[in-house]
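Everything below concerns the one structure shown next.
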Amino acid sequence: AGAGLVGKYVLPTKYESSTQLLFDPRGFKLFNNDLTIGNYDANAAINYVESQMGVLQSERVLSRLVQNACFEAGKADPAAYGLAGVCPKTDARGDWDATLSQLRRALTVKRAERSFVVDVGMTGPSPEIAARRASGIVAAYLEEDAATRNDAAARLTADLSSRLDNLRAAVAQSEAKAETCRRDKNLIRVGVKLVVEQQ
């Protein structure tokens, strides 16, 4: 009991702030008659939510939080996130690992049973720092998700553009061959309509 009392007054006090995120596997429905399948496998939906929970705790999201807190031009405020003494001072891997480890220890992510709502908790030495960390990790996740979606859309657009160029080239070659055949056979081109229809 005495050791417990001593530990209570000696160990630093930690405060926890929590927020919630909804991971909807059905996505955002724009219209009521949207052509999407309404029935989903329950296990697939839960797997999607748990995978997004993993992304939320990933190094990319935590690194984005550190980037926003320590290096964002005009907005960096390490003290507001409790990172005043632990922000990476160089590009060395060890500095980043130490900072990310501290944030990873402060982060807790859990999902309520039979729910797509995820509770995101962050601890800090003061209530303000804990709240700033919690809102910062959610903002970093949303930024990373948006960047990933934009990158996927850009790659898909580039792929479709290349396929469209290939199809255009194939159509041009086919039209050139057809024109050569018409010239060789002395055929008359009368447009897209039949001669009978034109008459």
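Residue numbering restarts at 1 in every chain; chains get A, B, ... in the order shown in the structure tokens, and ligands count up from 1 in that same order.
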
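DSSP, applied to the backbone of this structure, assigns strand (DSSP E) to the following residues of segment 58-163 of chain A: Leu107, Thr108, Val109, Lys110, Arg111, Val117, Val118, Asp119, Val120, Gly121, Met122, Thr123 and Gly124 of chain A.
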
Residue neighbourhood segment 138-155 of chain A, 8 Å, only C-alpha atoms, exclusion window fewer than 3 positions, as number ranges by chain: A: 21, 55-56, 60-62, 64-65, 134-135, 158-159

Å distance separating atom CA of Cys70 of chain A from atom CA of Lys110 of chain A, one decimal place: 27.0 Å

Å distance separating atom CA of Met122 of chain A from atom CA of Ala45 of chain A, one decimal place: 25.6 Å
